[in-house]
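Taking it in order: structure first as structure tokens, then the write-up.
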Amino acid sequence: MAQTGSLVIQKVLQLLRSPGVLEGEIARLSQQSGAELKPILPEQVLSQNISVELAERSAKVRYPVLYVYVSYVQNQMREKFRSFSGIVRTTLELRVSHERAEVVTRDVGCYLDALTEILTRSRGDWGQGMFFNGGYEIEINPAKSGGRNFVQAAKISFDVNLSLK
């Protein structure tokens, strides 16, 4: 199980941390929408599944931040002679903070647009037995106290089909 999750996480991190991919899409949407969006730098894309409260207590969080983690793994044994052939549910959890609640909500929407555009362009074969069909689900949580007065989180979850020998 650990190998399946880490393979997918490493591929997603590679995609999001690639020079110009996430930062370029955010800059394009920022210019298009007129919103002043801060870039999400590669060091702000983390492989962790940690609550907002714990993250803020344990380390200085630099918003916006993007957490990448595996939600669940399902070995469906669709391919008879494979050790694993199934789904790895992957989650991108975006957290944005600002002094004004309406700005947090607007920014979350813009960042989600950037992330979903990157996922849409990344449909297909990812190599190493990974395939992404382009589907995803978005869950947006309400803004609450935290960060720079307000913090809001949103999750994009998607399945990566994985086949290992």
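We name chains A, B, ... following the order of the structure tokens; residues begin at 1 in each chain, and ligands are numbered from 1 as shown.
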
If you run DSSP on the backbone here, which positions in chain A get alpha helix (DSSP H)? Please write them as a PDB file with N, CA and C atoms, in the first residue's frame.
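Saved result, result-v7.pdb, follows:
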```pdb
ATOM      1  N   ALA A   2       1.915   1.261   0.797  1.00  0.00           N
ATOM      2  CA  ALA A   2       2.758   2.453   0.883  1.00  0.00           C
ATOM      3  C   ALA A   2       3.406   2.773  -0.459  1.00  0.00           C
ATOM      4  N   GLN A   3       3.825   1.728  -1.178  1.00  0.00           N
ATOM      5  CA  GLN A   3       4.452   1.949  -2.476  1.00  0.00           C
ATOM      6  C   GLN A   3       3.472   2.565  -3.458  1.00  0.00           C
ATOM      7  N   THR A   4       2.249   2.092  -3.481  1.00  0.00           N
ATOM      8  CA  THR A   4       1.267   2.615  -4.433  1.00  0.00           C
ATOM      9  C   THR A   4       0.996   4.087  -4.179  1.00  0.00           C
ATOM     10  N   GLY A   5       0.767   4.447  -2.917  1.00  0.00           N
ATOM     11  CA  GLY A   5       0.504   5.841  -2.576  1.00  0.00           C
ATOM     12  C   GLY A   5       1.677   6.748  -2.866  1.00  0.00           C
ATOM     13  N   SER A   6       2.864   6.314  -2.501  1.00  0.00           N
ATOM     14  CA  SER A   6       4.033   7.174  -2.689  1.00  0.00           C
ATOM     15  C   SER A   6       4.368   7.367  -4.166  1.00  0.00           C
ATOM     16  N   LEU A   7       4.124   6.358  -4.999  1.00  0.00           N
ATOM     17  CA  LEU A   7       4.349   6.522  -6.440  1.00  0.00           C
ATOM     18  C   LEU A   7       3.469   7.630  -7.010  1.00  0.00           C
ATOM     19  N   VAL A   8       2.202   7.596  -6.646  1.00  0.00           N
ATOM     20  CA  VAL A   8       1.267   8.592  -7.157  1.00  0.00           C
ATOM     21  C   VAL A   8       1.578   9.973  -6.589  1.00  0.00           C
ATOM     22  N   ILE A   9       1.853  10.047  -5.290  1.00  0.00           N
ATOM     23  CA  ILE A   9       2.186  11.344  -4.671  1.00  0.00           C
ATOM     24  C   ILE A   9       3.402  11.967  -5.349  1.00  0.00           C
ATOM     25  N   GLN A  10       4.434  11.174  -5.583  1.00  0.00           N
ATOM     26  CA  GLN A  10       5.643  11.702  -6.218  1.00  0.00           C
ATOM     27  C   GLN A  10       5.342  12.234  -7.620  1.00  0.00           C
ATOM     28  N   LYS A  11       4.474  11.545  -8.354  1.00  0.00           N
ATOM     29  CA  LYS A  11       4.119  11.997  -9.710  1.00  0.00           C
ATOM     30  C   LYS A  11       3.332  13.311  -9.655  1.00  0.00           C
ATOM     31  N   VAL A  12       2.399  13.428  -8.713  1.00  0.00           N
ATOM     32  CA  VAL A  12       1.611  14.655  -8.585  1.00  0.00           C
ATOM     33  C   VAL A  12       2.507  15.810  -8.135  1.00  0.00           C
ATOM     34  N   LEU A  13       3.389  15.561  -7.177  1.00  0.00           N
ATOM     35  CA  LEU A  13       4.328  16.598  -6.740  1.00  0.00           C
ATOM     36  C   LEU A  13       5.217  17.050  -7.893  1.00  0.00           C
ATOM     37  N   GLN A  14       5.681  16.097  -8.676  1.00  0.00           N
ATOM     38  CA  GLN A  14       6.518  16.428  -9.838  1.00  0.00           C
ATOM     39  C   GLN A  14       5.743  17.329 -10.805  1.00  0.00           C
ATOM     40  N   LEU A  15       4.485  17.005 -11.043  1.00  0.00           N
ATOM     41  CA  LEU A  15       3.644  17.806 -11.931  1.00  0.00           C
ATOM     42  C   LEU A  15       3.470  19.223 -11.392  1.00  0.00           C
ATOM     43  N   LEU A  16       3.087  19.350 -10.113  1.00  0.00           N
ATOM     44  CA  LEU A  16       2.777  20.662  -9.539  1.00  0.00           C
ATOM     45  C   LEU A  16       4.016  21.515  -9.258  1.00  0.00           C
ATOM     46  N   ARG A  17       5.134  20.857  -8.994  1.00  0.00           N
ATOM     47  CA  ARG A  17       6.373  21.598  -8.696  1.00  0.00           C
ATOM     48  C   ARG A  17       7.212  21.889  -9.940  1.00  0.00           C
ATOM     49  N   VAL A  21       4.615  25.594 -14.099  1.00  0.00           N
ATOM     50  CA  VAL A  21       3.302  24.975 -14.283  1.00  0.00           C
ATOM     51  C   VAL A  21       2.264  25.642 -13.381  1.00  0.00           C
ATOM     52  N   LEU A  22       2.380  25.474 -12.077  1.00  0.00           N
ATOM     53  CA  LEU A  22       1.399  26.028 -11.143  1.00  0.00           C
ATOM     54  C   LEU A  22       1.510  27.549 -11.079  1.00  0.00           C
ATOM     55  N   GLU A  23       2.733  28.044 -10.972  1.00  0.00           N
ATOM     56  CA  GLU A  23       2.931  29.493 -10.893  1.00  0.00           C
ATOM     57  C   GLU A  23       2.437  30.191 -12.165  1.00  0.00           C
ATOM     58  N   GLY A  24       2.685  29.584 -13.322  1.00  0.00           N
ATOM     59  CA  GLY A  24       2.252  30.170 -14.590  1.00  0.00           C
ATOM     60  C   GLY A  24       0.742  30.198 -14.734  1.00  0.00           C
ATOM     61  N   GLU A  25       0.083  29.120 -14.307  1.00  0.00           N
ATOM     62  CA  GLU A  25      -1.376  29.069 -14.404  1.00  0.00           C
ATOM     63  C   GLU A  25      -2.015  30.072 -13.447  1.00  0.00           C
ATOM     64  N   ILE A  26      -1.443  30.207 -12.243  1.00  0.00           N
ATOM     65  CA  ILE A  26      -1.957  31.188 -11.277  1.00  0.00           C
ATOM     66  C   ILE A  26      -1.768  32.608 -11.811  1.00  0.00           C
ATOM     67  N   ALA A  27      -0.608  32.886 -12.392  1.00  0.00           N
ATOM     68  CA  ALA A  27      -0.342  34.215 -12.951  1.00  0.00           C
ATOM     69  C   ALA A  27      -1.308  34.520 -14.091  1.00  0.00           C
ATOM     70  N   ARG A  28      -1.578  33.531 -14.933  1.00  0.00           N
ATOM     71  CA  ARG A  28      -2.502  33.727 -16.049  1.00  0.00           C
ATOM     72  C   ARG A  28      -3.913  34.041 -15.540  1.00  0.00           C
ATOM     73  N   LEU A  29      -4.384  33.278 -14.565  1.00  0.00           N
ATOM     74  CA  LEU A  29      -5.721  33.509 -14.015  1.00  0.00           C
ATOM     75  C   LEU A  29      -5.796  34.823 -13.241  1.00  0.00           C
ATOM     76  N   SER A  30      -4.714  35.175 -12.567  1.00  0.00           N
ATOM     77  CA  SER A  30      -4.664  36.431 -11.831  1.00  0.00           C
ATOM     78  C   SER A  30      -4.819  37.611 -12.788  1.00  0.00           C
ATOM     79  N   GLN A  31      -4.104  37.540 -13.888  1.00  0.00           N
ATOM     80  CA  GLN A  31      -4.188  38.608 -14.886  1.00  0.00           C
ATOM     81  C   GLN A  31      -5.573  38.635 -15.528  1.00  0.00           C
ATOM     82  N   GLN A  32      -6.111  37.477 -15.821  1.00  0.00           N
ATOM     83  CA  GLN A  32      -7.407  37.369 -16.475  1.00  0.00           C
ATOM     84  C   GLN A  32      -8.542  37.864 -15.577  1.00  0.00           C
ATOM     85  N   SER A  33      -8.483  37.528 -14.276  1.00  0.00           N
ATOM     86  CA  SER A  33      -9.571  37.881 -13.361  1.00  0.00           C
ATOM     87  C   SER A  33      -9.397  39.253 -12.713  1.00  0.00           C
ATOM     88  N   VAL A  52      -5.664  22.104   9.822  1.00  0.00           N
ATOM     89  CA  VAL A  52      -5.297  23.524   9.836  1.00  0.00           C
ATOM     90  C   VAL A  52      -4.725  23.902  11.197  1.00  0.00           C
ATOM     91  N   GLU A  53      -5.414  23.488  12.254  1.00  0.00           N
ATOM     92  CA  GLU A  53      -5.000  23.866  13.612  1.00  0.00           C
ATOM     93  C   GLU A  53      -3.624  23.300  13.951  1.00  0.00           C
ATOM     94  N   LEU A  54      -3.406  22.040  13.622  1.00  0.00           N
ATOM     95  CA  LEU A  54      -2.120  21.416  13.921  1.00  0.00           C
ATOM     96  C   LEU A  54      -0.998  22.028  13.087  1.00  0.00           C
ATOM     97  N   ALA A  55      -1.268  22.307  11.826  1.00  0.00           N
ATOM     98  CA  ALA A  55      -0.251  22.914  10.961  1.00  0.00           C
ATOM     99  C   ALA A  55       0.173  24.276  11.491  1.00  0.00           C
ATOM    100  N   GLU A  56      -0.794  25.067  11.953  1.00  0.00           N
ATOM    101  CA  GLU A  56      -0.465  26.404  12.444  1.00  0.00           C
ATOM    102  C   GLU A  56       0.263  26.358  13.785  1.00  0.00           C
ATOM    103  N   ARG A  57       0.004  25.333  14.589  1.00  0.00           N
ATOM    104  CA  ARG A  57       0.703  25.213  15.870  1.00  0.00           C
ATOM    105  C   ARG A  57       2.102  24.644  15.726  1.00  0.00           C
ATOM    106  N   SER A  58       2.282  23.737  14.772  1.00  0.00           N
ATOM    107  CA  SER A  58       3.557  23.023  14.676  1.00  0.00           C
ATOM    108  C   SER A  58       4.612  23.755  13.859  1.00  0.00           C
ATOM    109  N   ALA A 101     -12.819  38.012   4.630  1.00  0.00           N
ATOM    110  CA  ALA A 101     -13.460  36.747   4.266  1.00  0.00           C
ATOM    111  C   ALA A 101     -13.821  36.692   2.787  1.00  0.00           C
ATOM    112  N   GLU A 102     -14.298  37.801   2.222  1.00  0.00           N
ATOM    113  CA  GLU A 102     -14.703  37.781   0.816  1.00  0.00           C
ATOM    114  C   GLU A 102     -13.511  37.592  -0.121  1.00  0.00           C
ATOM    115  N   VAL A 103     -12.344  38.082   0.290  1.00  0.00           N
ATOM    116  CA  VAL A 103     -11.138  37.900  -0.520  1.00  0.00           C
ATOM    117  C   VAL A 103     -10.688  36.445  -0.456  1.00  0.00           C
ATOM    118  N   VAL A 104     -10.790  35.831   0.722  1.00  0.00           N
ATOM    119  CA  VAL A 104     -10.422  34.422   0.866  1.00  0.00           C
ATOM    120  C   VAL A 104     -11.267  33.569  -0.077  1.00  0.00           C
ATOM    121  N   THR A 105     -12.562  33.801  -0.083  1.00  0.00           N
ATOM    122  CA  THR A 105     -13.473  33.021  -0.921  1.00  0.00           C
ATOM    123  C   THR A 105     -13.176  33.229  -2.399  1.00  0.00           C
ATOM    124  N   ARG A 106     -12.948  34.456  -2.805  1.00  0.00           N
ATOM    125  CA  ARG A 106     -12.617  34.743  -4.205  1.00  0.00           C
ATOM    126  C   ARG A 106     -11.313  34.051  -4.607  1.00  0.00           C
ATOM    127  N   ASP A 107     -10.292  34.178  -3.746  1.00  0.00           N
ATOM    128  CA  ASP A 107      -8.989  33.588  -4.050  1.00  0.00           C
ATOM    129  C   ASP A 107      -9.055  32.065  -4.137  1.00  0.00           C
ATOM    130  N   VAL A 108      -9.807  31.439  -3.241  1.00  0.00           N
ATOM    131  CA  VAL A 108      -9.958  29.985  -3.289  1.00  0.00           C
ATOM    132  C   VAL A 108     -10.517  29.571  -4.642  1.00  0.00           C
ATOM    133  N   GLY A 109     -11.524  30.276  -5.114  1.00  0.00           N
ATOM    134  CA  GLY A 109     -12.109  29.963  -6.420  1.00  0.00           C
ATOM    135  C   GLY A 109     -11.096  30.078  -7.551  1.00  0.00           C
ATOM    136  N   CYS A 110     -10.286  31.119  -7.519  1.00  0.00           N
ATOM    137  CA  CYS A 110      -9.270  31.309  -8.563  1.00  0.00           C
ATOM    138  C   CYS A 110      -8.202  30.226  -8.512  1.00  0.00           C
ATOM    139  N   TYR A 111      -7.720  29.902  -7.306  1.00  0.00           N
ATOM    140  CA  TYR A 111      -6.716  28.841  -7.173  1.00  0.00           C
ATOM    141  C   TYR A 111      -7.284  27.496  -7.619  1.00  0.00           C
ATOM    142  N   LEU A 112      -8.546  27.224  -7.288  1.00  0.00           N
ATOM    143  CA  LEU A 112      -9.179  25.975  -7.728  1.00  0.00           C
ATOM    144  C   LEU A 112      -9.245  25.918  -9.249  1.00  0.00           C
ATOM    145  N   ASP A 113      -9.557  27.049  -9.879  1.00  0.00           N
ATOM    146  CA  ASP A 113      -9.576  27.092 -11.343  1.00  0.00           C
ATOM    147  C   ASP A 113      -8.204  26.738 -11.917  1.00  0.00           C
ATOM    148  N   ALA A 114      -7.151  27.263 -11.305  1.00  0.00           N
ATOM    149  CA  ALA A 114      -5.787  26.976 -11.774  1.00  0.00           C
ATOM    150  C   ALA A 114      -5.468  25.485 -11.616  1.00  0.00           C
ATOM    151  N   LEU A 115      -5.789  24.930 -10.461  1.00  0.00           N
ATOM    152  CA  LEU A 115      -5.487  23.517 -10.212  1.00  0.00           C
ATOM    153  C   LEU A 115      -6.280  22.591 -11.127  1.00  0.00           C
ATOM    154  N   THR A 116      -7.562  22.894 -11.330  1.00  0.00           N
ATOM    155  CA  THR A 116      -8.362  22.029 -12.199  1.00  0.00           C
ATOM    156  C   THR A 116      -7.929  22.155 -13.659  1.00  0.00           C
ATOM    157  N   GLU A 117      -7.464  23.311 -14.061  1.00  0.00           N
ATOM    158  CA  GLU A 117      -6.948  23.469 -15.425  1.00  0.00           C
ATOM    159  C   GLU A 117      -5.698  22.610 -15.621  1.00  0.00           C
ATOM    160  N   ILE A 118      -4.823  22.589 -14.622  1.00  0.00           N
ATOM    161  CA  ILE A 118      -3.620  21.752 -14.693  1.00  0.00           C
ATOM    162  C   ILE A 118      -4.009  20.274 -14.756  1.00  0.00           C
ATOM    163  N   LEU A 119      -4.973  19.868 -13.940  1.00  0.00           N
ATOM    164  CA  LEU A 119      -5.420  18.472 -13.973  1.00  0.00           C
ATOM    165  C   LEU A 119      -6.034  18.120 -15.331  1.00  0.00           C
ATOM    166  N   THR A 120      -6.826  19.016 -15.875  1.00  0.00           N
ATOM    167  CA  THR A 120      -7.457  18.775 -17.171  1.00  0.00           C
ATOM    168  C   THR A 120      -6.403  18.579 -18.262  1.00  0.00           C
ATOM    169  N   ARG A 121      -5.369  19.396 -18.240  1.00  0.00           N
ATOM    170  CA  ARG A 121      -4.285  19.273 -19.227  1.00  0.00           C
ATOM    171  C   ARG A 121      -3.435  18.031 -18.998  1.00  0.00           C
TER     172      ARG A 121
END
```

Write out as a PyMOL selection string the residues lying within 8 Å of segment 84-91 of chain A, counting only C-alpha atoms and excluding same-chain residues fewer than 4 positions away. chain A and resi 4-5+8-9+67-79+155-165

Non-local contacts of Val65 of chain A (7 Å; only C-alpha atoms; under 2 positions in same chain excluded) as a list in words: Ile40, Gln44, Val45, Arg62, Tyr63, Tyr67, Leu94, Arg95 and Val96 of chain A

Residues from the last selection, N, CA and C atoms, saved as a PDB file, in the first residue's frame:
```pdb
ATOM      1  N   ILE A  40       1.826  30.130  -5.673  1.00  0.00           N
ATOM      2  CA  ILE A  40       2.090  28.980  -4.807  1.00  0.00           C
ATOM      3  C   ILE A  40       3.422  28.422  -5.278  1.00  0.00           C
ATOM      4  N   GLN A  44       5.755  25.444  -1.171  1.00  0.00           N
ATOM      5  CA  GLN A  44       4.429  25.534  -0.554  1.00  0.00           C
ATOM      6  C   GLN A  44       3.511  24.395  -1.016  1.00  0.00           C
ATOM      7  N   VAL A  45       4.045  23.480  -1.785  1.00  0.00           N
ATOM      8  CA  VAL A  45       3.333  22.274  -2.204  1.00  0.00           C
ATOM      9  C   VAL A  45       3.926  21.131  -1.397  1.00  0.00           C
ATOM     10  N   ARG A  62       2.978  29.259   5.510  1.00  0.00           N
ATOM     11  CA  ARG A  62       3.022  30.354   4.538  1.00  0.00           C
ATOM     12  C   ARG A  62       1.887  30.135   3.545  1.00  0.00           C
ATOM     13  N   TYR A  63       0.862  30.966   3.634  1.00  0.00           N
ATOM     14  CA  TYR A  63      -0.314  30.836   2.770  1.00  0.00           C
ATOM     15  C   TYR A  63      -0.107  31.575   1.463  1.00  0.00           C
ATOM     16  N   TYR A  67      -1.525  21.005   0.073  1.00  0.00           N
ATOM     17  CA  TYR A  67      -1.136  19.711   0.614  1.00  0.00           C
ATOM     18  C   TYR A  67      -1.579  18.627  -0.361  1.00  0.00           C
ATOM     19  N   LEU A  94      -6.106  22.688  -0.707  1.00  0.00           N
ATOM     20  CA  LEU A  94      -5.666  24.078  -0.820  1.00  0.00           C
ATOM     21  C   LEU A  94      -6.127  24.839   0.412  1.00  0.00           C
ATOM     22  N   ARG A  95      -5.244  25.636   0.986  1.00  0.00           N
ATOM     23  CA  ARG A  95      -5.615  26.506   2.105  1.00  0.00           C
ATOM     24  C   ARG A  95      -5.140  27.920   1.807  1.00  0.00           C
ATOM     25  N   VAL A  96      -6.074  28.854   1.972  1.00  0.00           N
ATOM     26  CA  VAL A  96      -5.810  30.263   1.673  1.00  0.00           C
ATOM     27  C   VAL A  96      -6.190  31.085   2.893  1.00  0.00           C
TER      28      VAL A  96
END
```

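Once Asn141 of chain A and its same-chain neighbours fewer than 5 positions away are set aside, Gln152, Ala153 and Ala154 of chain A remain within 7 Å of it when counting only C-alpha atoms.
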
With N, CA and C atoms retained, export the selected residues as an mmCIF file, in the first residue's frame.
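result_23.cif, written as the output of this step:
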```
data_model
loop_
_atom_site.group_PDB
_atom_site.id
_atom_site.type_symbol
_atom_site.label_atom_id
_atom_site.label_comp_id
_atom_site.auth_asym_id
_atom_site.auth_seq_id
_atom_site.Cartn_x
_atom_site.Cartn_y
_atom_site.Cartn_z
ATOM 1 N N GLN A 152 -9.512 29.507 4.610
ATOM 2 C CA GLN A 152 -10.502 28.659 3.955
ATOM 3 C C GLN A 152 -9.759 27.537 3.244
ATOM 4 N N ALA A 153 -10.326 26.346 3.323
ATOM 5 C CA ALA A 153 -9.728 25.175 2.690
ATOM 6 C C ALA A 153 -10.681 24.616 1.645
ATOM 7 N N ALA A 154 -10.102 24.041 0.623
ATOM 8 C CA ALA A 154 -10.869 23.365 -0.418
ATOM 9 C C ALA A 154 -10.068 22.140 -0.849
#
```

When DSSP is applied to the backbone of this structure, which of chain A are assigned strand (DSSP E or B)? Write them out as a ChimeraX atom specification. /A:45-46,65-75,84-98,124-127,130-132,137-140,144-148,150-164

Deliver the residues from the most recent selection as a file, using C-alpha atoms, as a JSON list (two decimals), in the first residue's frame.
```json
[["chain", "number", "residue", "atom", "x", "y", "z"],
["A", 45, "VAL", "CA", 3.33, 22.27, -2.20],
["A", 46, "LEU", "CA", 3.69, 19.72, 0.59],
["A", 65, "VAL", "CA", -0.39, 26.31, 0.80],
["A", 66, "LEU", "CA", -1.21, 23.12, -1.06],
["A", 67, "TYR", "CA", -1.14, 19.71, 0.61],
["A", 68, "VAL", "CA", -0.98, 16.55, -1.50],
["A", 69, "TYR", "CA", -1.93, 13.19, 0.02],
["A", 70, "VAL", "CA", -3.58, 9.85, -0.64],
["A", 71, "SER", "CA", -7.11, 9.50, 0.79],
["A", 72, "TYR", "CA", -7.48, 5.79, 0.10],
["A", 73, "VAL", "CA", -6.20, 2.95, -2.00],
["A", 74, "GLN", "CA", -8.36, 0.21, -3.50],
["A", 75, "ASN", "CA", -6.79, -2.86, -5.09],
["A", 84, "PHE", "CA", -1.83, -4.16, -7.74],
["A", 85, "SER", "CA", -4.42, -2.98, -10.23],
["A", 86, "GLY", "CA", -6.83, -0.47, -8.84],
["A", 87, "ILE", "CA", -7.44, 3.09, -7.74],
["A", 88, "VAL", "CA", -5.38, 5.51, -5.70],
["A", 89, "ARG", "CA", -7.62, 8.37, -4.51],
["A", 90, "THR", "CA", -5.43, 11.47, -4.36],
["A", 91, "THR", "CA", -6.34, 14.75, -2.69],
["A", 92, "LEU", "CA", -5.05, 18.27, -3.25],
["A", 93, "GLU", "CA", -5.98, 20.36, -0.23],
["A", 94, "LEU", "CA", -5.67, 24.08, -0.82],
["A", 95, "ARG", "CA", -5.62, 26.51, 2.11],
["A", 96, "VAL", "CA", -5.81, 30.26, 1.67],
["A", 97, "SER", "CA", -5.70, 32.99, 4.32],
["A", 98, "HIS", "CA", -6.50, 36.69, 4.22],
["A", 124, "GLY", "CA", -3.87, 10.45, -19.85],
["A", 125, "ASP", "CA", -0.94, 8.14, -19.24],
["A", 126, "TRP", "CA", 1.41, 9.30, -16.48],
["A", 127, "GLY", "CA", 3.84, 6.44, -16.97],
["A", 130, "MET", "CA", -0.43, 5.30, -13.80],
["A", 131, "PHE", "CA", -3.37, 6.67, -15.75],
["A", 132, "PHE", "CA", -5.52, 9.73, -14.95],
["A", 137, "GLU", "CA", -14.46, 16.17, -7.15],
["A", 138, "ILE", "CA", -14.23, 19.50, -5.34],
["A", 139, "GLU", "CA", -15.20, 20.12, -1.73],
["A", 140, "ILE", "CA", -15.09, 23.70, -0.44],
["A", 144, "LYS", "CA", -13.10, 30.26, 9.58],
["A", 145, "SER", "CA", -10.71, 31.96, 12.00],
["A", 146, "GLY", "CA", -7.05, 31.21, 11.43],
["A", 147, "GLY", "CA", -4.05, 32.26, 9.36],
["A", 148, "ARG", "CA", -4.25, 36.01, 8.68],
["A", 150, "PHE", "CA", -9.54, 34.04, 8.02],
["A", 151, "VAL", "CA", -8.56, 30.74, 6.45],
["A", 152, "GLN", "CA", -10.50, 28.66, 3.95],
["A", 153, "ALA", "CA", -9.73, 25.18, 2.69],
["A", 154, "ALA", "CA", -10.87, 23.36, -0.42],
["A", 155, "LYS", "CA", -10.13, 19.84, -1.59],
["A", 156, "ILE", "CA", -9.82, 18.42, -5.07],
["A", 157, "SER", "CA", -9.99, 14.63, -5.03],
["A", 158, "PHE", "CA", -9.29, 12.47, -8.06],
["A", 159, "ASP", "CA", -8.61, 8.84, -8.85],
["A", 160, "VAL", "CA", -5.42, 7.62, -10.45],
["A", 161, "ASN", "CA", -5.64, 4.14, -11.97],
["A", 162, "LEU", "CA", -2.53, 2.21, -11.10],
["A", 163, "SER", "CA", -1.23, -1.12, -12.35],
["A", 164, "LEU", "CA", 1.90, -2.67, -10.81]]
```
